[in-house]
Number of protein chains: 2
Amino acid sequence: MVTLADIAKRCNVSRASVSKAINGHSDIGKETAEFIRKTAREMGYYPNATARTLKSGRSQNVGVLFVDKTQSGLAHEYFSKILESAKSMAEKLGYDITFISRDIGTTGMDFYEHAKYRQCDGVIIASVDFEDPAVIKLVNSEIPTVTLDYVFNNRTSIVSDNVKGMEELVNYVYSKGHRKIAYIHGEETSVTQRRMASFYKTCADLGIGIKPEYVIRGDYHNPKAAAIATRKLLELNDRPTCIFYPDDFSYIGGMNVLEKAGLSIPDDMSVVGYDGILLSQMLRPKLTTYQQDATFMGEEAARQLIENIEHPTLWLPKQITVPGKLIEGSTVKQI
Amino acid sequence: MVTLADIAKRCNVSRASVSKAINGHSDIGKETAEFIRKTAREMGYYPNATARTLKSGRSQNVGVLFVDKTQSGLAHEYFSKILESAKSMAEKLGYDITFISRDIGTTGMDFYEHAKYRQCDGVIIASVDFEDPAVIKLVNSEIPTVTLDYVFNNRTSIVSDNVKGMEELVNYVYSKGHRKIAYIHGEETSVTQRRMASFYKTCADLGIGIKPEYVIRGDYHNPKAAAIATRKLLELNDRPTCIFYPDDFSYIGGMNVLEKAGLSIPDDMSVVGYDGILLSQMLRPKLTTYQQDATFMGEEAARQLIENIEHPTLWLPKQITVPGKLIEGSTVKQI
DNA sequence: ATCGGTTACGAAATCGTTTAAGTTCATGAT
DNA sequence: ATCATGAACTTAAACGATTTCGTAACCGAT
């Protein structure tokens, strides 16, 4: 391994000068610096992140917390897209990405300790139980963090605009003539709360009442739960004319139930999803859904976090709401 | 931050003794060690991976190379499952996971240099272009590596048993009476080669000839390509009775074409997929497919890599073939 | 009393880099 | 001629751990 000392010896300068040349500091002669850099290249030098981190306290490494309650975190297109784009952006800005988990090996480290152990400059938090004390400890620590789809008031957060999303969907199906709208919602999370509130409010603003039995609990990314909920809706005397699913993937479960019941989509039942995953646009009929801009969210998370890391003084917690867009498929009939 | 020195001072011992106590070395008194550990706990000490790595040369960190030609790497359930399970296993064994990419920031590091820069103890390589010189450089370096679904003769590899998978699928549809079998295959990769070879061989063994026009190129994870290929097959005078798709996801494209053509699955056309992703079991009719054991593959990759890292002397390159299992859905008709 | 062998600990070097605090020397101002 | 200034380097001390070697103390055996 080529070290600064090797280059220093070859160039007849001190290690300090080599370091300065490599890092482009100002107090080094232009020619000397160039000569040193040229020699370094020739000798096949590349820096040692570990030594650099130890001395400087900065690792150029961001952690990601991506714990998966439902075992579907990474398998979920929405989250994997966020991760993928956050990774690309972080790399573009010169940072690597390391997964932060609890309890690596046998050491009982929590998230905060793990992040410190690896000297992460910051942490991106997504798809976790945000009420977990370990998550709260991390968020309240001195380590910069950015949360996705959850807001802590002292931190920057990137949230998909669930209010607007739900509003647009409701308005859309309303414009198609629907008044009896059912909503199969996901498990109790802040995202669900926001969507539900927006659902109720938009309906109220439009002057449509929603029967209590039209709002049923399902689960995100869970076609089976959606199937069960769909069956319940079909058993009602006064059936809805349109069903909102927790997300595109869970809609598959509902789709099967509807087809088995001999109901054609959208002629006998209209449906909408949420997420805008690739699959939804491959199904026939194409699903009407609200596409969240996961790519932008991931990029923005990385950008904001690194901004916070590199300019801690002029940083203020921001709440960034990312709009998506309604994708008009063919699953909502004009009535 | 609490350091070894702080603990040493508090305990009135040397830093060396603290290190020994923490790491459970033998040349330290039992009681002293216990006392030191207790004090360390009280003081809220946790080690600094960076310093440890710098001195010891071991980072307890493995890199993953997960480059995405098709932009679908992480979005692909198969690969995200592999990653997820490799991550869990690595963590269980005391290792963290860092993504290794080319060209972090503006430095022109290749994969090998990047891995060295971060002092990765080993690298898991999946879903990349294995003929990329940068990948080959990494694989031929002194850094332990494990490859997934690709074999280098000097390295351990974990490959899904594509030969057996294809064989079982062909035998299955043969047993259902099919003789005119079409195969829409993925892009040219070693996996495709293996599946194709097995497809032809199994058909030959069964004594069925395959018309050249029954074998068409599609793409992995690409419903549109599958749709186009499916249309071509439907235009044939002598249509196949069963179509093999590159994978479950791309089958969606074919499914739409078949339905639009008024062909019912499996009554008018039988189909099989590959992968066994969650979606395939949610569709109706349930897709007949070959489920790859992605979870085991990821775990095994981590296990093997860490074995190689920790016992380099008694290590030999291994090629581990992981069988999957046929999932009998309802998309193949008995004829 | 001496010797060899453990056991338990400490001193000090080391990993590769960064950086605060000098030092040297030429330059220009007074 | 003197002195402040600044550019260009060097020195040396960190950063937090690990690890080799050394040594003191104690044990039992001769």
# chains A, B, ... in the order shown; residues from 1 in each chain; ligands from 1
call {"tool": "closest_atom_pairs", "arguments": {"of": "chain B", "to": "chain D", "cutoff": "7 Å", "atoms": "only C-alpha atoms (C1' of nucleotides)", "output": "tab-separated table"}}
result
residue	atom	partner	partner_atom	distance
B:Thr3	CA	D:DG16	C1'	6.8
B:Asn48	CA	D:DG16	C1'	6.9
B:Ala51	CA	D:DA17	C1'	4.9
B:Arg52	CA	D:DA17	C1'	4.9
B:Lys55	CA	D:DT18	C1'	5.9
B:Ser56	CA	D:DT18	C1'	6.3
call {"tool": "write_last_selection", "arguments": {"atoms": "C-alpha atoms", "output": "PDB file, in the first residue's frame"}}
result
ATOM      1  CA  THR B   3     -11.935   6.424  24.865  1.00  0.00           C
ATOM      2  CA  ASN B  48     -14.287   3.311  17.588  1.00  0.00           C
ATOM      3  CA  ALA B  51      -9.223   3.497  15.075  1.00  0.00           C
ATOM      4  CA  ARG B  52      -9.586  -0.212  15.396  1.00  0.00           C
ATOM      5  CA  LYS B  55      -4.406  -0.347  13.584  1.00  0.00           C
ATOM      6  CA  SER B  56      -5.613  -3.851  12.965  1.00  0.00           C
TER       7      SER B  56
END
call {"tool": "residues_around", "arguments": {"residues": "A:Ile228", "least_positions_apart": "4", "cutoff": "9 Å", "atoms": "only C-alpha atoms (C1' of nucleotides)", "output": "PyMOL selection string"}}
result
chain A and resi 218+223-224+232-233+253-254+257
call {"tool": "interface_residues", "arguments": {"of": "chain B", "to": "chain A", "cutoff": "7 Å", "atoms": "only C-alpha atoms", "output": "PyMOL selection string"}}
result
chain B and resi 46-51+53-54+74-75+77+80-81+84+91-99+104-105+117-118+252-253+256+282-284
call {"tool": "interface_residues", "arguments": {"of": "chain C", "to": "chain B", "cutoff": "12 Å", "atoms": "only C-alpha atoms (C1' of nucleotides)", "output": "short mmCIF file (atom, residue, chain, number, x, y, z; two decimals) with N, CA and C atoms (P, O5', C5', C4', C3', O3' and C1' of nucleotides), in the first residue's frame"}}
result
data_model
loop_
_atom_site.label_atom_id
_atom_site.label_comp_id
_atom_site.auth_asym_id
_atom_site.auth_seq_id
_atom_site.Cartn_x
_atom_site.Cartn_y
_atom_site.Cartn_z
P DT C 6 5.11 -22.86 31.36
"O5'" DT C 6 3.94 -21.84 31.62
"C5'" DT C 6 4.23 -20.65 32.39
"C4'" DT C 6 3.22 -20.54 33.51
"C3'" DT C 6 2.05 -19.67 33.12
"O3'" DT C 6 0.88 -20.05 33.82
"C1'" DT C 6 3.47 -18.54 34.70
P DT C 7 -0.54 -19.53 33.28
"O5'" DT C 7 -0.69 -18.14 34.04
"C5'" DT C 7 -0.53 -18.11 35.46
"C4'" DT C 7 -0.64 -16.67 35.94
"C3'" DT C 7 -1.64 -15.81 35.14
"O3'" DT C 7 -2.45 -15.14 36.08
"C1'" DT C 7 0.46 -14.73 35.24
P DA C 8 -3.63 -14.15 35.63
"O5'" DA C 8 -2.88 -12.76 35.72
"C5'" DA C 8 -2.42 -12.30 36.99
"C4'" DA C 8 -1.89 -10.89 36.83
"C3'" DA C 8 -2.83 -9.97 36.06
"O3'" DA C 8 -2.85 -8.71 36.72
"C1'" DA C 8 -0.71 -9.98 35.03
P DC C 9 -4.04 -7.70 36.36
"O5'" DC C 9 -3.23 -6.70 35.43
"C5'" DC C 9 -2.43 -5.74 36.10
"C4'" DC C 9 -1.20 -5.43 35.31
"C3'" DC C 9 -1.36 -4.32 34.29
"O3'" DC C 9 -1.22 -3.06 34.96
"C1'" DC C 9 0.27 -5.98 33.69
P DG C 10 -1.46 -1.72 34.21
"O5'" DG C 10 -0.01 -1.44 33.61
"C5'" DG C 10 1.11 -1.42 34.50
"C4'" DG C 10 2.36 -1.01 33.74
"C3'" DG C 10 2.18 0.24 32.88
"O3'" DG C 10 3.40 0.98 32.93
"C1'" DG C 10 2.71 -1.60 31.47
P DA C 11 3.44 2.45 32.33
"O5'" DA C 11 4.67 2.42 31.33
"C5'" DA C 11 5.51 1.25 31.27
"C4'" DA C 11 6.50 1.40 30.12
"C3'" DA C 11 6.46 2.73 29.37
"O3'" DA C 11 7.76 2.99 28.85
"C1'" DA C 11 5.66 1.00 27.96
P DA C 12 8.03 4.32 28.03
"O5'" DA C 12 7.82 3.81 26.53
"C5'" DA C 12 8.39 2.55 26.15
"C4'" DA C 12 8.05 2.27 24.70
"C3'" DA C 12 7.92 3.52 23.83
"O3'" DA C 12 8.45 3.21 22.56
"C1'" DA C 12 5.95 2.30 23.69
P DA C 13 8.77 4.36 21.50
"O5'" DA C 13 8.52 3.56 20.15
"C5'" DA C 13 8.81 2.16 20.12
"C4'" DA C 13 7.88 1.49 19.13
"C3'" DA C 13 7.66 2.28 17.83
"O3'" DA C 13 7.74 1.37 16.75
"C1'" DA C 13 5.58 1.78 18.82
P DT C 14 7.83 1.93 15.26
"O5'" DT C 14 6.34 1.69 14.74
"C5'" DT C 14 5.71 0.43 14.94
"C4'" DT C 14 4.26 0.54 14.59
"C3'" DT C 14 3.96 1.51 13.42
"O3'" DT C 14 3.45 0.76 12.35
"C1'" DT C 14 2.42 1.77 15.21
P DC C 15 3.62 1.35 10.84
"O5'" DC C 15 2.12 1.31 10.33
"C5'" DC C 15 1.23 0.24 10.62
"C4'" DC C 15 -0.19 0.73 10.54
"C3'" DC C 15 -0.35 1.93 9.61
"O3'" DC C 15 -0.76 1.47 8.33
"C1'" DC C 15 -1.54 2.24 11.69
P DG C 16 0.07 2.01 7.04
"O5'" DG C 16 -0.64 3.40 6.75
"C5'" DG C 16 -2.01 3.40 6.37
"C4'" DG C 16 -2.53 4.81 6.40
"C3'" DG C 16 -1.76 5.79 5.52
"O3'" DG C 16 -2.69 6.48 4.72
"C1'" DG C 16 -1.96 6.63 7.72
P DT C 17 -2.30 7.63 3.73
"O5'" DT C 17 -2.82 8.90 4.55
"C5'" DT C 17 -4.20 8.98 4.88
"C4'" DT C 17 -4.44 9.99 5.98
"C3'" DT C 17 -4.20 11.43 5.60
"O3'" DT C 17 -5.45 12.04 5.32
"C1'" DT C 17 -3.50 10.91 7.84
#
call {"tool": "atom_distance", "arguments": {"atom1": "atom CA of A:Thr288", "atom2": "atom CA of B:Asp267"}}
result
29.3 Å
call {"tool": "residues_around", "arguments": {"residues": "A:Asp238", "least_positions_apart": "4", "cutoff": "10 Å", "atoms": "only C-alpha atoms (C1' of nucleotides)", "output": "PyMOL selection string"}}
result
chain A and resi 180+211+213-214+233-234
call {"tool": "atom_distance", "arguments": {"atom1": "atom CA of B:Glu300", "atom2": "atom CA of B:Ile158"}}
result
7.5 Å
call {"tool": "residues_around", "arguments": {"residues": "B:Leu138", "least_positions_apart": "6", "cutoff": "9 Å", "atoms": "only C-alpha atoms (C1' of nucleotides)", "output": "PyMOL selection string"}}
result
chain B and resi 110-113+115+123+145
call {"tool": "residues_around", "arguments": {"residues": "A:Asp247", "least_positions_apart": "6", "cutoff": "6 Å", "atoms": "only C-alpha atoms (C1' of nucleotides)", "output": "ChimeraX atom specification"}}
result
/A:273-275
call {"tool": "write_last_selection", "arguments": {"atoms": "N, CA and C atoms", "output": "PDB file, in the first residue's frame"}}
result
ATOM      1  N   GLY A 273     -55.366   3.007  -6.783  1.00  0.00           N
ATOM      2  CA  GLY A 273     -54.279   2.536  -5.913  1.00  0.00           C
ATOM      3  C   GLY A 273     -53.522   3.715  -5.344  1.00  0.00           C
ATOM      4  N   TYR A 274     -52.288   3.476  -4.990  1.00  0.00           N
ATOM      5  CA  TYR A 274     -51.423   4.544  -4.492  1.00  0.00           C
ATOM      6  C   TYR A 274     -49.981   4.058  -4.644  1.00  0.00           C
ATOM      7  N   ASP A 275     -49.125   4.894  -5.162  1.00  0.00           N
ATOM      8  CA  ASP A 275     -47.674   4.647  -5.299  1.00  0.00           C
ATOM      9  C   ASP A 275     -47.193   4.859  -6.734  1.00  0.00           C
TER      10      ASP A 275
END
call {"tool": "select_by_dssp", "arguments": {"residues": "stretch 213-262 of chain B", "states": "strand (DSSP E or B)", "output": "MDAnalysis selection string"}}
result
chainID B and resid 215:217 242:244
call {"tool": "select_by_dssp", "arguments": {"residues": "stretch 89-150 of chain A", "states": "helix (DSSP H, G or I)", "output": "JSON list (two decimals) with N, CA and C atoms, in the first residue's frame"}}
result
[["chain", "number", "residue", "atom", "x", "y", "z"],
["A", 89, "MET", "N", -27.17, 9.80, -5.30],
["A", 89, "MET", "CA", -26.88, 11.21, -5.00],
["A", 89, "MET", "C", -25.76, 11.32, -4.00],
["A", 90, "ALA", "N", -25.78, 10.52, -2.97],
["A", 90, "ALA", "CA", -24.73, 10.56, -1.96],
["A", 90, "ALA", "C", -23.37, 10.29, -2.62],
["A", 91, "GLU", "N", -23.35, 9.32, -3.49],
["A", 91, "GLU", "CA", -22.10, 9.00, -4.16],
["A", 91, "GLU", "C", -21.63, 10.16, -5.02],
["A", 92, "LYS", "N", -22.56, 10.78, -5.69],
["A", 92, "LYS", "CA", -22.21, 11.92, -6.52],
["A", 92, "LYS", "C", -21.58, 13.02, -5.67],
["A", 111, "PHE", "N", -28.93, 2.11, 17.59],
["A", 111, "PHE", "CA", -28.66, 2.79, 16.32],
["A", 111, "PHE", "C", -27.65, 3.93, 16.48],
["A", 112, "TYR", "N", -27.84, 4.70, 17.52],
["A", 112, "TYR", "CA", -26.95, 5.84, 17.75],
["A", 112, "TYR", "C", -25.51, 5.37, 17.94],
["A", 113, "GLU", "N", -25.36, 4.38, 18.79],
["A", 113, "GLU", "CA", -24.01, 3.89, 19.07],
["A", 113, "GLU", "C", -23.38, 3.29, 17.82],
["A", 114, "HIS", "N", -24.20, 2.62, 17.07],
["A", 114, "HIS", "CA", -23.70, 2.02, 15.84],
["A", 114, "HIS", "C", -23.21, 3.11, 14.87],
["A", 115, "ALA", "N", -24.01, 4.15, 14.77],
["A", 115, "ALA", "CA", -23.64, 5.24, 13.87],
["A", 115, "ALA", "C", -22.33, 5.90, 14.33],
["A", 116, "LYS", "N", -22.19, 6.04, 15.64],
["A", 116, "LYS", "CA", -20.96, 6.63, 16.17],
["A", 116, "LYS", "C", -19.79, 5.67, 15.98],
["A", 117, "TYR", "N", -20.06, 4.42, 16.22],
["A", 117, "TYR", "CA", -19.03, 3.38, 16.07],
["A", 117, "TYR", "C", -18.41, 3.46, 14.68],
["A", 133, "PRO", "N", -37.80, 3.97, 20.75],
["A", 133, "PRO", "CA", -36.91, 4.84, 21.54],
["A", 133, "PRO", "C", -35.52, 4.96, 20.93],
["A", 134, "ALA", "N", -35.04, 3.88, 20.33],
["A", 134, "ALA", "CA", -33.70, 3.91, 19.75],
["A", 134, "ALA", "C", -33.65, 4.88, 18.57],
["A", 135, "VAL", "N", -34.74, 4.94, 17.81],
["A", 135, "VAL", "CA", -34.80, 5.88, 16.69],
["A", 135, "VAL", "C", -34.86, 7.30, 17.24],
["A", 136, "ILE", "N", -35.66, 7.49, 18.27],
["A", 136, "ILE", "CA", -35.79, 8.82, 18.86],
["A", 136, "ILE", "C", -34.47, 9.29, 19.45],
["A", 137, "LYS", "N", -33.75, 8.37, 20.07],
["A", 137, "LYS", "CA", -32.44, 8.71, 20.62],
["A", 137, "LYS", "C", -31.51, 9.21, 19.51],
["A", 138, "LEU", "N", -31.53, 8.51, 18.40],
["A", 138, "LEU", "CA", -30.68, 8.89, 17.27],
["A", 138, "LEU", "C", -31.06, 10.27, 16.74],
["A", 139, "VAL", "N", -32.37, 10.45, 16.59],
["A", 139, "VAL", "CA", -32.85, 11.71, 16.02],
["A", 139, "VAL", "C", -32.53, 12.89, 16.94]]
call {"tool": "atom_distance", "arguments": {"atom1": "atom CA of A:Arg194", "atom2": "atom CA of A:Asn308"}}
result
26.9 Å
call {"tool": "residues_around", "arguments": {"residues": "A:Arg179", "least_positions_apart": "5", "cutoff": "10 Å", "atoms": "only C-alpha atoms (C1' of nucleotides)", "output": "VMD selection string"}}
result
chain A and resid 170 173 to 174 203 206 to 210 240 to 242 335
call {"tool": "write_last_selection", "arguments": {"atoms": "C-alpha atoms", "output": "PDB file, in the first residue's frame"}}
result
ATOM      1  CA  VAL A 170     -60.829  11.951  -4.382  1.00  0.00           C
ATOM      2  CA  VAL A 173     -63.183  10.028  -8.793  1.00  0.00           C
ATOM      3  CA  TYR A 174     -65.718  12.671  -7.771  1.00  0.00           C
ATOM      4  CA  CYS A 203     -65.029  14.320   0.759  1.00  0.00           C
ATOM      5  CA  LEU A 206     -67.203  18.084  -1.841  1.00  0.00           C
ATOM      6  CA  GLY A 207     -70.268  17.517   0.246  1.00  0.00           C
ATOM      7  CA  ILE A 208     -70.203  13.737   0.152  1.00  0.00           C
ATOM      8  CA  GLY A 209     -70.785  11.737   3.241  1.00  0.00           C
ATOM      9  CA  ILE A 210     -68.765   8.592   3.828  1.00  0.00           C
ATOM     10  CA  PRO A 240     -69.544   1.579  -2.868  1.00  0.00           C
ATOM     11  CA  THR A 241     -68.945   2.350  -6.518  1.00  0.00           C
ATOM     12  CA  CYS A 242     -65.254   2.958  -6.061  1.00  0.00           C
ATOM     13  CA  ILE A 335     -70.942   7.249 -14.071  1.00  0.00           C
TER      14      ILE A 335
END
